[in-house]
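This is protein.cif (mmCIF, C-alpha atoms and all ligand atoms).
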data_start
#
loop_
_atom_site.group_PDB
_atom_site.id
_atom_site.type_symbol
_atom_site.label_atom_id
_atom_site.label_comp_id
_atom_site.auth_asym_id
_atom_site.auth_seq_id
_atom_site.Cartn_x
_atom_site.Cartn_y
_atom_site.Cartn_z
ATOM 1 C CA MET A 1 -1.888 -26.564 42.753
ATOM 2 C CA LEU A 2 1.483 -25.406 41.454
ATOM 3 C CA SER A 3 3.486 -28.379 40.246
ATOM 4 C CA MET A 4 7.203 -28.496 39.455
ATOM 5 C CA LYS A 5 6.184 -29.231 35.844
ATOM 6 C CA SER A 6 4.819 -25.691 35.569
ATOM 7 C CA VAL A 7 8.049 -24.077 36.761
ATOM 8 C CA ASP A 8 10.209 -22.907 33.858
ATOM 9 C CA PRO A 9 13.806 -23.809 34.867
ATOM 10 C CA VAL A 10 15.327 -20.718 33.196
ATOM 11 C CA LYS A 11 16.734 -18.324 35.823
ATOM 12 C CA LEU A 12 15.709 -14.701 35.208
ATOM 13 C CA THR A 13 16.826 -11.275 36.401
ATOM 14 C CA SER A 14 14.824 -8.107 36.957
ATOM 15 C CA LYS A 15 15.782 -7.046 33.411
ATOM 16 C CA SER A 16 14.427 -10.217 31.760
ATOM 17 C CA SER A 17 11.486 -9.543 29.462
ATOM 18 C CA PHE A 18 8.308 -11.439 28.677
ATOM 19 C CA LYS A 19 4.961 -11.051 26.950
ATOM 20 C CA PHE A 20 1.923 -11.336 29.199
ATOM 21 C CA ARG A 21 -1.476 -9.817 29.854
ATOM 22 C CA CYS A 22 -4.228 -10.803 32.220
ATOM 23 C CA HIS A 23 -7.672 -9.245 31.760
ATOM 24 C CA LYS A 24 -11.359 -9.887 32.341
ATOM 25 C CA ASP A 25 -12.097 -10.986 28.769
ATOM 26 C CA ILE A 26 -9.428 -13.681 28.611
ATOM 27 C CA GLU A 27 -10.854 -17.196 28.363
ATOM 28 C CA CYS A 28 -8.965 -18.422 31.437
ATOM 29 C CA PHE A 29 -10.084 -15.510 33.664
ATOM 30 C CA THR A 30 -9.857 -16.601 37.353
ATOM 31 C CA ARG A 31 -8.772 -20.106 36.308
ATOM 32 C CA CYS A 32 -5.601 -19.554 38.364
ATOM 33 C CA CYS A 33 -7.642 -18.785 41.504
ATOM 34 C CA ARG A 34 -8.568 -22.360 42.272
ATOM 35 C CA ASN A 35 -6.917 -25.507 43.563
ATOM 36 C CA ILE A 36 -3.704 -23.643 44.275
ATOM 37 C CA GLN A 37 -1.295 -23.542 47.184
ATOM 38 C CA ILE A 38 -0.736 -19.931 48.230
ATOM 39 C CA LEU A 39 1.937 -19.355 50.847
ATOM 40 C CA LEU A 40 1.042 -16.393 53.053
ATOM 41 C CA THR A 41 3.608 -14.017 54.512
ATOM 42 C CA PRO A 42 3.232 -12.091 57.791
ATOM 43 C CA TYR A 43 2.430 -8.883 55.889
ATOM 44 C CA ASP A 44 -0.153 -10.711 53.721
ATOM 45 C CA ILE A 45 -1.898 -11.843 56.902
ATOM 46 C CA ILE A 46 -2.039 -8.298 58.307
ATOM 47 C CA ARG A 47 -3.405 -6.876 55.049
ATOM 48 C CA LEU A 48 -6.011 -9.635 54.727
ATOM 49 C CA LYS A 49 -7.260 -9.618 58.321
ATOM 50 C CA ASN A 50 -7.619 -5.821 58.164
ATOM 51 C CA ARG A 51 -9.437 -6.090 54.852
ATOM 52 C CA LEU A 52 -11.861 -8.567 56.407
ATOM 53 C CA GLY A 53 -12.109 -6.641 59.690
ATOM 54 C CA ILE A 54 -11.205 -9.622 61.861
ATOM 55 C CA SER A 55 -8.341 -10.556 64.202
ATOM 56 C CA THR A 56 -5.265 -12.493 63.068
ATOM 57 C CA GLY A 57 -6.499 -15.400 65.231
ATOM 58 C CA GLU A 58 -9.863 -15.496 63.431
ATOM 59 C CA PHE A 59 -8.202 -15.139 60.033
ATOM 60 C CA LEU A 60 -5.693 -17.911 60.692
ATOM 61 C CA ASN A 61 -8.394 -20.184 62.059
ATOM 62 C CA ASP A 62 -10.958 -19.614 59.295
ATOM 63 C CA TYR A 63 -8.839 -19.088 56.181
ATOM 64 C CA THR A 64 -5.525 -20.891 56.559
ATOM 65 C CA TYR A 65 -3.777 -24.155 57.310
ATOM 66 C CA ILE A 66 -0.255 -24.875 58.524
ATOM 67 C CA GLU A 67 2.386 -27.015 56.864
ATOM 68 C CA LEU A 68 5.742 -28.133 58.187
ATOM 69 C CA GLU A 69 8.644 -29.231 55.989
ATOM 70 C CA ASP A 70 9.414 -31.760 58.698
ATOM 71 C CA LYS A 71 8.573 -32.284 62.364
ATOM 72 C CA SER A 72 11.032 -29.663 63.601
ATOM 73 C CA SER A 73 10.757 -27.053 60.845
ATOM 74 C CA HIS A 74 9.368 -23.524 60.820
ATOM 75 C CA PRO A 75 5.582 -23.508 60.334
ATOM 76 C CA PHE A 76 4.337 -22.176 56.990
ATOM 77 C CA VAL A 77 0.831 -20.759 56.561
ATOM 78 C CA PHE A 78 -1.227 -21.381 53.416
ATOM 79 C CA LEU A 79 -4.569 -20.001 52.228
ATOM 80 C CA LYS A 80 -7.303 -22.643 52.529
ATOM 81 C CA MET A 81 -9.248 -23.257 49.323
ATOM 82 C CA LEU A 82 -13.009 -23.846 49.512
ATOM 83 C CA LYS A 83 -14.379 -27.382 49.528
ATOM 84 C CA ASP A 84 -16.488 -26.737 46.416
ATOM 85 C CA ASP A 85 -16.213 -28.607 43.093
ATOM 86 C CA ASN A 86 -13.369 -26.411 41.816
ATOM 87 C CA CYS A 87 -11.560 -25.900 45.135
ATOM 88 C CA ASN A 88 -11.912 -22.167 44.563
ATOM 89 C CA CYS A 89 -10.042 -19.519 46.479
ATOM 90 C CA PRO A 90 -12.431 -18.059 49.093
ATOM 91 C CA PHE A 91 -11.869 -14.601 47.598
ATOM 92 C CA VAL A 92 -12.707 -15.240 43.951
ATOM 93 C CA ASN A 93 -16.014 -14.530 42.251
ATOM 94 C CA ASP A 94 -17.094 -14.084 38.616
ATOM 95 C CA SER A 95 -15.748 -10.515 38.585
ATOM 96 C CA GLY A 96 -12.307 -11.565 39.791
ATOM 97 C CA CYS A 97 -10.522 -11.168 43.096
ATOM 98 C CA LYS A 98 -12.793 -9.654 45.756
ATOM 99 C CA ILE A 99 -9.843 -8.430 47.814
ATOM 100 C CA TYR A 100 -7.689 -7.368 44.846
ATOM 101 C CA ASN A 101 -6.003 -4.378 46.538
ATOM 102 C CA ASP A 102 -4.949 -6.601 49.430
ATOM 103 C CA ARG A 103 -4.202 -9.798 47.500
ATOM 104 C CA PRO A 104 -1.225 -11.806 48.790
ATOM 105 C CA ALA A 105 2.313 -11.277 47.477
ATOM 106 C CA ASN A 106 2.285 -14.612 45.624
ATOM 107 C CA CYS A 107 -0.854 -13.616 43.684
ATOM 108 C CA ARG A 108 0.835 -10.333 42.762
ATOM 109 C CA TYR A 109 3.983 -12.014 41.497
ATOM 110 C CA TYR A 110 2.154 -14.662 39.425
ATOM 111 C CA PRO A 111 3.154 -15.764 36.753
ATOM 112 C CA VAL A 112 6.594 -14.830 38.056
ATOM 113 C CA GLY A 113 8.183 -16.769 40.898
ATOM 114 C CA GLN A 114 11.035 -15.721 43.166
ATOM 115 C CA ALA A 115 13.698 -18.031 44.550
ATOM 116 C CA SER A 116 16.824 -17.909 46.702
ATOM 117 C CA LEU A 117 19.544 -20.514 46.600
ATOM 118 C CA LYS A 118 22.402 -20.931 49.059
ATOM 119 C CA LYS A 119 25.546 -21.934 47.242
ATOM 120 C CA MET A 120 29.301 -22.072 47.754
ATOM 121 C CA ASP A 121 31.294 -19.323 46.035
ATOM 122 C CA ASP A 122 34.667 -20.968 45.432
ATOM 123 C CA LYS A 123 36.361 -17.626 44.663
ATOM 124 C CA ILE A 124 35.744 -16.233 48.160
ATOM 125 C CA ASN A 125 35.282 -19.633 49.809
ATOM 126 C CA GLU A 126 31.973 -18.546 51.397
ATOM 127 C CA THR A 127 28.334 -19.513 51.132
ATOM 128 C CA ILE A 128 26.358 -16.881 49.221
ATOM 129 C CA THR A 129 22.661 -16.457 48.500
ATOM 130 C CA GLU A 130 21.732 -16.399 44.833
ATOM 131 C CA GLU A 131 18.386 -14.713 44.201
ATOM 132 C CA PHE A 132 16.598 -15.028 40.893
ATOM 133 C CA TYR A 133 13.176 -15.113 39.229
ATOM 134 C CA PHE A 134 11.476 -17.779 37.140
ATOM 135 C CA PHE A 135 8.215 -18.148 35.204
ATOM 136 C CA VAL A 136 5.317 -20.278 36.311
ATOM 137 C CA LYS A 137 3.822 -21.547 33.062
ATOM 138 C CA GLU A 138 0.616 -23.469 33.610
ATOM 139 C CA SER A 139 -1.215 -24.864 30.603
ATOM 140 C CA HIS A 140 -4.504 -23.167 31.534
ATOM 141 C CA CYS A 141 -2.932 -19.673 31.640
ATOM 142 C CA LYS A 142 -3.403 -17.952 28.280
ATOM 143 C CA GLY A 143 -1.781 -14.697 29.408
ATOM 144 C CA PHE A 144 1.521 -15.665 27.768
ATOM 145 C CA ASN A 145 -0.207 -15.613 24.342
ATOM 146 C CA GLU A 146 -0.879 -11.894 24.663
ATOM 147 C CA THR A 147 1.415 -9.227 23.193
ATOM 148 C CA LYS A 148 2.010 -6.789 26.063
ATOM 149 C CA ASN A 149 5.751 -6.566 26.875
ATOM 150 C CA TRP A 150 7.157 -6.381 30.389
ATOM 151 C CA THR A 151 10.461 -6.630 32.139
ATOM 152 C CA ILE A 152 10.245 -8.340 35.516
ATOM 153 C CA GLU A 153 11.096 -4.978 37.085
ATOM 154 C CA GLU A 154 8.086 -3.369 35.370
ATOM 155 C CA TRP A 155 5.850 -6.265 36.380
ATOM 156 C CA ARG A 156 6.930 -5.914 40.019
ATOM 157 C CA GLU A 157 6.139 -2.212 39.949
ATOM 158 C CA ASP A 158 2.764 -2.726 38.272
ATOM 159 C CA GLN A 159 1.771 -5.345 40.831
ATOM 160 C CA GLY A 160 3.011 -3.381 43.853
ATOM 161 C CA VAL A 161 5.259 -6.074 45.291
ATOM 162 C CA ASP A 162 8.046 -3.832 46.625
ATOM 163 C CA ILE A 163 6.208 -2.970 49.824
ATOM 164 C CA TYR A 164 5.540 -6.696 50.442
ATOM 165 C CA ASP A 165 9.220 -7.598 49.998
ATOM 166 C CA GLU A 166 10.261 -4.732 52.258
ATOM 167 C CA MET A 167 7.768 -5.656 54.988
ATOM 168 C CA ASN A 168 8.627 -9.356 54.956
ATOM 169 C CA ARG A 169 12.412 -8.907 54.936
ATOM 170 C CA GLY A 170 12.918 -9.845 58.623
ATOM 171 C CA TRP A 171 10.778 -12.977 58.229
ATOM 172 C CA LYS A 172 12.689 -14.028 55.118
ATOM 173 C CA GLU A 173 16.000 -13.571 56.941
ATOM 174 C CA ILE A 174 14.791 -16.084 59.517
ATOM 175 C CA LEU A 175 13.695 -18.549 56.834
ATOM 176 C CA PHE A 176 16.918 -18.205 54.786
ATOM 177 C CA ARG A 177 18.791 -19.643 57.731
ATOM 178 C CA ARG A 178 16.368 -22.432 58.521
ATOM 179 C CA ASN A 179 18.453 -25.197 56.946
ATOM 180 C CA LEU A 180 21.677 -24.256 58.717
ATOM 181 C CA PRO A 181 22.914 -26.542 61.502
ATOM 182 C CA GLY A 182 21.352 -25.669 64.869
ATOM 183 C CA HIS A 183 18.160 -24.160 63.411
ATOM 184 C CA VAL A 184 15.925 -26.997 64.522
ATOM 185 C CA LEU A 185 12.693 -25.919 66.240
ATOM 186 C CA ASP A 186 11.100 -27.839 69.090
ATOM 187 C CA GLU A 187 7.338 -27.536 69.599
ATOM 188 C CA LYS A 188 7.697 -24.599 71.985
ATOM 189 C CA LYS A 189 9.800 -22.624 69.502
ATOM 190 C CA GLN A 190 7.454 -23.504 66.632
ATOM 191 C CA LYS A 191 4.542 -22.076 68.640
ATOM 192 C CA ALA A 192 6.501 -18.915 69.497
ATOM 193 C CA PHE A 193 7.516 -18.459 65.839
ATOM 194 C CA TYR A 194 3.903 -18.903 64.720
ATOM 195 C CA MET A 195 2.579 -16.380 67.241
ATOM 196 C CA ALA A 196 5.257 -13.716 66.692
ATOM 197 C CA CYS A 197 5.322 -13.964 62.888
ATOM 198 C CA TYR A 198 1.684 -14.701 62.004
ATOM 199 C CA ASP A 199 -0.702 -14.182 64.929
ATOM 200 C CA ILE A 200 0.272 -10.663 65.879
ATOM 201 C CA ASP A 201 -2.965 -9.828 67.693
ATOM 202 C CA ARG A 202 -2.076 -12.643 70.102
ATOM 203 C CA PHE A 203 1.561 -11.508 70.137
ATOM 204 C CA ARG A 204 0.375 -8.018 71.211
ATOM 205 C CA LYS A 205 -1.477 -9.590 74.158
ATOM 206 C CA PHE A 206 1.597 -11.658 74.993
ATOM 207 C CA ILE A 207 3.707 -8.490 75.213
ATOM 208 C CA PHE A 208 1.259 -6.220 77.012
ATOM 209 C CA GLU A 209 -0.753 -8.672 79.113
ATOM 210 C CA SER A 210 1.940 -11.088 80.313
ATOM 211 C CA LYS A 211 5.155 -10.564 82.290
ATOM 212 C CA PHE A 212 7.061 -9.880 79.054
ATOM 213 C CA LEU A 213 7.810 -6.229 79.889
ATOM 214 C CA ASP A 214 8.920 -7.219 83.418
ATOM 215 C CA ILE A 215 11.410 -9.660 81.943
ATOM 216 C CA PHE A 216 12.746 -7.803 78.898
ATOM 217 C CA ASP A 217 14.311 -4.369 79.001
ATOM 218 C CA ILE A 218 12.462 -2.598 76.185
ATOM 219 C CA ASP A 219 12.830 1.189 75.879
ATOM 220 C CA GLU A 220 9.772 3.454 76.116
ATOM 221 C CA LYS A 221 10.030 4.602 72.501
ATOM 222 C CA THR A 222 9.853 1.014 71.225
ATOM 223 C CA ILE A 223 6.981 0.198 73.615
ATOM 224 C CA SER A 224 5.014 3.163 72.305
ATOM 225 C CA LYS A 225 5.714 2.242 68.670
ATOM 226 C CA ILE A 226 4.685 -1.400 68.988
ATOM 227 C CA LYS A 227 1.596 -0.462 70.995
ATOM 228 C CA ASN A 228 0.331 1.961 68.356
ATOM 229 C CA ASP A 229 1.567 0.604 65.045
ATOM 230 C CA GLU A 230 0.983 -3.003 64.017
ATOM 231 C CA ILE A 231 3.692 -2.875 61.347
ATOM 232 C CA GLU A 232 6.183 -1.955 64.074
ATOM 233 C CA LEU A 233 4.723 -4.783 66.155
ATOM 234 C CA MET A 234 5.222 -7.177 63.237
ATOM 235 C CA LYS A 235 8.869 -6.095 62.894
ATOM 236 C CA PHE A 236 9.343 -6.471 66.641
ATOM 237 C CA GLY A 237 7.910 -9.982 66.240
ATOM 238 C CA PHE A 238 10.678 -10.794 63.768
ATOM 239 C CA ALA A 239 13.295 -9.413 66.212
ATOM 240 C CA TYR A 240 11.799 -11.474 69.064
ATOM 241 C CA THR A 241 11.796 -14.572 66.844
ATOM 242 C CA LYS A 242 15.489 -14.047 66.003
ATOM 243 C CA TYR A 243 16.174 -13.757 69.725
ATOM 244 C CA ILE A 244 14.375 -16.934 70.751
ATOM 245 C CA LEU A 245 15.908 -18.872 67.848
ATOM 246 C CA MET A 246 19.312 -17.601 69.021
ATOM 247 C CA MET A 247 20.029 -15.951 65.682
ATOM 248 C CA GLU A 248 20.680 -12.547 67.274
ATOM 249 C CA ASN A 249 21.249 -11.396 70.830
ATOM 250 C CA ASN A 250 19.074 -8.360 70.174
ATOM 251 C CA LEU A 251 16.945 -8.174 73.354
ATOM 252 C CA LYS A 252 18.146 -7.413 76.856
ATOM 253 C CA LEU A 253 16.846 -9.056 80.019
ATOM 254 C CA LYS A 254 16.055 -6.749 82.951
ATOM 255 C CA ASN A 255 17.381 -9.196 85.474
ATOM 256 C CA LYS A 256 19.438 -12.116 84.289
ATOM 257 C CA ASP A 257 18.370 -14.112 87.381
ATOM 258 C CA LEU A 258 14.733 -14.083 86.244
HETATM 259 S S1 LIG B 1 -6.461 -14.036 46.673
HETATM 260 FE FE1 LIG B 1 -7.402 -13.153 44.851
HETATM 261 S S2 LIG B 1 -5.831 -13.266 43.274
HETATM 262 FE FE2 LIG B 1 -5.213 -14.651 44.909
HETATM 263 S S3 LIG B 1 -6.032 -16.669 44.327
HETATM 264 FE FE3 LIG B 1 -7.557 -15.671 45.631
HETATM 265 S S4 LIG B 1 -8.942 -14.631 44.253
HETATM 266 FE FE4 LIG B 1 -7.090 -15.117 43.079
HETATM 267 S S1 LIG B 2 -4.738 -18.019 34.269
HETATM 268 FE FE1 LIG B 2 -3.206 -16.433 33.677
HETATM 269 S S2 LIG B 2 -4.194 -15.101 32.182
HETATM 270 FE FE2 LIG B 2 -5.780 -16.410 33.093
HETATM 271 S S3 LIG B 2 -6.630 -15.133 34.716
HETATM 272 FE FE3 LIG B 2 -5.001 -16.336 35.655
HETATM 273 S S4 LIG B 2 -3.119 -15.099 35.482
HETATM 274 FE FE4 LIG B 2 -4.678 -14.215 34.118
#
What would you get if you wrote out this structure as structure tokens?
Ligand code: SF4
Ligand code: SF4
Amino acid sequence: MLSMKSVDPVKLTSKSSFKFRCHKDIECFTRCCRNIQILLTPYDIIRLKNRLGISTGEFLNDYTYIELEDKSSHPFVFLKMLKDDNCNCPFVNDSGCKIYNDRPANCRYYPVGQASLKKMDDKINETITEEFYFFVKESHCKGFNETKNWTIEEWREDQGVDIYDEMNRGWKEILFRRNLPGHVLDEKKQKAFYMACYDIDRFRKFIFESKFLDIFDIDEKTISKIKNDEIELMKFGFAYTKYILMMENNLKLKNKDL
């Protein structure tokens, strides 16, 4: 599990450089794939359930657990480690990661971490979001002893994280605002957030097999897109979540009396 002790407090930019190499002959190979807390994003879940050929419901049930920061917070989904002696990731074997091309964003970033901090900018008297990177330096990871040079930008490109950041943008926008006054979730809203952001196969049923389309005024083009493209459905899930959390008035009701 990642502990605060392993987080290097130095704030980094995309131009920061470091020496690192991870390869099959390194003595710690796959040592980082055990006893670790891996936060999953909505796009991670779609990639993984498709890789495994199962529904989001089956994936969430079999491979994940939920954590709340407090009773009324947004639910977070984590990958469940096996109950073996090492608490291994379910996807690791002696050759490495079995689902490497679809590994979660956090596995791609490692040993780099990403953070966002809300802070007051006294010059403009407004709250701004400061985004930065940091290193995760765990004693078992020998990759930092290697000589290959990277900037964080090059590492991001090599690991293919851009698409993950792009896909999860709407979800992150919701989470950035979670600590603002008024963003407290009751159980009903927590369940709606969970379904729309993580369990999109159930969300699809909710849209097309409930009275949703009788209640909301959704144009035909959007209906066709979300019916045929699960990435569009995921993005619509973020829009729906913003609507129910009263972050944006982005959906129209057909009849306000309903
Ligand atoms: S998903 Fe792959 S890379 Fe990530 S911890 Fe599991 S085995 Fe390692
Ligand atoms: S512990 Fe570090 S160097 Fe070793 S396999 Fe994991 S990421 Fe690579």
I'd like the contact shell of A:Lys15 - 9 Å cut-off, all atoms listed in the file, skipping same-chain residues fewer than 6 positions apart - returned as a list in words.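 Contacts, with the query itself left out: Thr151, Ile152, Glu153 and Glu154 of chain A.
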For the residues selected in the previous step, produce a file with C-alpha atoms as a short mmCIF file (atom, residue, chain, number, x, y, z; two decimals), keeping the file's coordinate frame.
data_model
loop_
_atom_site.label_atom_id
_atom_site.label_comp_id
_atom_site.auth_asym_id
_atom_site.auth_seq_id
_atom_site.Cartn_x
_atom_site.Cartn_y
_atom_site.Cartn_z
CA THR A 151 10.46 -6.63 32.14
CA ILE A 152 10.24 -8.34 35.52
CA GLU A 153 11.10 -4.98 37.08
CA GLU A 154 8.09 -3.37 35.37
#
Run the PyMOL selection byres (((chain A and resi 195-203) around 10) and not hetatm) against the file shown and list the residues it catches, as a PyMOL selection string. chain A and resi 40-46+55-60+75-77+168+170-171+189-194+204-209+230-231+233-241
Now that the selection is made, can you save its residues with C-alpha atoms as a PDB file, in the frame of the given file?
ATOM      1  CA  LEU A  40       1.042 -16.393  53.053  1.00  0.00           C
ATOM      2  CA  THR A  41       3.608 -14.017  54.512  1.00  0.00           C
ATOM      3  CA  PRO A  42       3.232 -12.091  57.791  1.00  0.00           C
ATOM      4  CA  TYR A  43       2.430  -8.883  55.889  1.00  0.00           C
ATOM      5  CA  ASP A  44      -0.153 -10.711  53.721  1.00  0.00           C
ATOM      6  CA  ILE A  45      -1.898 -11.843  56.902  1.00  0.00           C
ATOM      7  CA  ILE A  46      -2.039  -8.298  58.307  1.00  0.00           C
ATOM      8  CA  SER A  55      -8.341 -10.556  64.202  1.00  0.00           C
ATOM      9  CA  THR A  56      -5.265 -12.493  63.068  1.00  0.00           C
ATOM     10  CA  GLY A  57      -6.499 -15.400  65.231  1.00  0.00           C
ATOM     11  CA  GLU A  58      -9.863 -15.496  63.431  1.00  0.00           C
ATOM     12  CA  PHE A  59      -8.202 -15.139  60.033  1.00  0.00           C
ATOM     13  CA  LEU A  60      -5.693 -17.911  60.692  1.00  0.00           C
ATOM     14  CA  PRO A  75       5.582 -23.508  60.334  1.00  0.00           C
ATOM     15  CA  PHE A  76       4.337 -22.176  56.990  1.00  0.00           C
ATOM     16  CA  VAL A  77       0.831 -20.759  56.561  1.00  0.00           C
ATOM     17  CA  ASN A 168       8.627  -9.356  54.956  1.00  0.00           C
ATOM     18  CA  GLY A 170      12.918  -9.845  58.623  1.00  0.00           C
ATOM     19  CA  TRP A 171      10.778 -12.977  58.229  1.00  0.00           C
ATOM     20  CA  LYS A 189       9.800 -22.624  69.502  1.00  0.00           C
ATOM     21  CA  GLN A 190       7.454 -23.504  66.632  1.00  0.00           C
ATOM     22  CA  LYS A 191       4.542 -22.076  68.640  1.00  0.00           C
ATOM     23  CA  ALA A 192       6.501 -18.915  69.497  1.00  0.00           C
ATOM     24  CA  PHE A 193       7.516 -18.459  65.839  1.00  0.00           C
ATOM     25  CA  TYR A 194       3.903 -18.903  64.720  1.00  0.00           C
ATOM     26  CA  ARG A 204       0.375  -8.018  71.211  1.00  0.00           C
ATOM     27  CA  LYS A 205      -1.477  -9.590  74.158  1.00  0.00           C
ATOM     28  CA  PHE A 206       1.597 -11.658  74.993  1.00  0.00           C
ATOM     29  CA  ILE A 207       3.707  -8.490  75.213  1.00  0.00           C
ATOM     30  CA  PHE A 208       1.259  -6.220  77.012  1.00  0.00           C
ATOM     31  CA  GLU A 209      -0.753  -8.672  79.113  1.00  0.00           C
ATOM     32  CA  GLU A 230       0.983  -3.003  64.017  1.00  0.00           C
ATOM     33  CA  ILE A 231       3.692  -2.875  61.347  1.00  0.00           C
ATOM     34  CA  LEU A 233       4.723  -4.783  66.155  1.00  0.00           C
ATOM     35  CA  MET A 234       5.222  -7.177  63.237  1.00  0.00           C
ATOM     36  CA  LYS A 235       8.869  -6.095  62.894  1.00  0.00           C
ATOM     37  CA  PHE A 236       9.343  -6.471  66.641  1.00  0.00           C
ATOM     38  CA  GLY A 237       7.910  -9.982  66.240  1.00  0.00           C
ATOM     39  CA  PHE A 238      10.678 -10.794  63.768  1.00  0.00           C
ATOM     40  CA  ALA A 239      13.295  -9.413  66.212  1.00  0.00           C
ATOM     41  CA  TYR A 240      11.799 -11.474  69.064  1.00  0.00           C
ATOM     42  CA  THR A 241      11.796 -14.572  66.844  1.00  0.00           C
TER      43      THR A 241
END
Counting only C-alpha atoms and all ligand atoms, what are the residues, protein, DNA or RNA alike, that approach ligand LIG 1 (chain B) to within 6 Å? I want them as a ChimeraX atom specification. /A:33,89,91-92,97,100,103,107
Kindly provide, as a PyMOL selection string, all nucleotide and amino acid residues lying within 6 Å of ligand LIG 2 (chain B), counting only C-alpha atoms and all ligand atoms. chain A and resi 22+28-32+140-143
Shell of 9 Å around A:Leu39, only C-alpha atoms, local chain residues under 4 positions omitted, as a PyMOL selection string: chain A and resi 76-79+104-106
Can you spit out the residues from that selection as a PDB file, keeping the file's coordinate frame, using C-alpha atoms?
ATOM      1  CA  PHE A  76       4.337 -22.176  56.990  1.00  0.00           C
ATOM      2  CA  VAL A  77       0.831 -20.759  56.561  1.00  0.00           C
ATOM      3  CA  PHE A  78      -1.227 -21.381  53.416  1.00  0.00           C
ATOM      4  CA  LEU A  79      -4.569 -20.001  52.228  1.00  0.00           C
ATOM      5  CA  PRO A 104      -1.225 -11.806  48.790  1.00  0.00           C
ATOM      6  CA  ALA A 105       2.313 -11.277  47.477  1.00  0.00           C
ATOM      7  CA  ASN A 106       2.285 -14.612  45.624  1.00  0.00           C
TER       8      ASN A 106
END
Could you list the residues chosen by the PyMOL selection byres (((chain A and resi 146) around 8) and not hetatm) in this structure as a list in words?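 Applied to this file, the PyMOL selection byres (((chain A and resi 146) around 8) and not hetatm) returns Lys19, Phe20, Arg21, Lys142, Gly143, Phe144, Asn145, Thr147 and Lys148 of chain A.
If you look at atom CA of A:Asn50 and atom CA of A:Asp102, they are 9.2 Å away from each other.
Atom CA of A:His74 lies 22.0 Å from atom CA of A:Glu232.
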Given the PyMOL selection byres (((chain A and resi 127-138) around 7) and not hetatm), the residues it picks as an MDAnalysis selection string: chainID A and resid 6:13 111:121 126 139:141
Save stretch 193-215 of chain A from what I just supplied, as a PDB file, in the first residue's frame, atoms limited to C-alpha atoms.
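Saved file part.pdb follows:
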ATOM      1  CA  PHE A 193     -23.032   8.910  -8.788  1.00  0.00           C
ATOM      2  CA  TYR A 194     -21.759   5.329  -8.537  1.00  0.00           C
ATOM      3  CA  MET A 195     -24.064   4.083 -11.295  1.00  0.00           C
ATOM      4  CA  ALA A 196     -23.499   6.974 -13.723  1.00  0.00           C
ATOM      5  CA  CYS A 197     -19.723   7.196 -13.242  1.00  0.00           C
ATOM      6  CA  TYR A 198     -18.701   3.558 -12.716  1.00  0.00           C
ATOM      7  CA  ASP A 199     -21.468   1.085 -13.580  1.00  0.00           C
ATOM      8  CA  ILE A 200     -22.264   2.274 -17.071  1.00  0.00           C
ATOM      9  CA  ASP A 201     -23.862  -0.972 -18.244  1.00  0.00           C
ATOM     10  CA  ARG A 202     -26.469  -0.407 -15.523  1.00  0.00           C
ATOM     11  CA  PHE A 203     -26.623   3.298 -16.394  1.00  0.00           C
ATOM     12  CA  ARG A 204     -27.436   2.328 -20.019  1.00  0.00           C
ATOM     13  CA  LYS A 205     -30.371   0.231 -18.764  1.00  0.00           C
ATOM     14  CA  PHE A 206     -31.476   3.100 -16.536  1.00  0.00           C
ATOM     15  CA  ILE A 207     -31.621   5.429 -19.551  1.00  0.00           C
ATOM     16  CA  PHE A 208     -33.163   3.076 -22.095  1.00  0.00           C
ATOM     17  CA  GLU A 209     -35.296   0.792 -19.925  1.00  0.00           C
ATOM     18  CA  SER A 210     -36.765   3.240 -17.399  1.00  0.00           C
ATOM     19  CA  LYS A 211     -38.868   6.391 -17.809  1.00  0.00           C
ATOM     20  CA  PHE A 212     -35.699   8.489 -18.158  1.00  0.00           C
ATOM     21  CA  LEU A 213     -36.361   9.469 -21.790  1.00  0.00           C
ATOM     22  CA  ASP A 214     -39.993  10.338 -20.937  1.00  0.00           C
ATOM     23  CA  ILE A 215     -38.786  12.704 -18.240  1.00  0.00           C
TER      24      ILE A 215
END
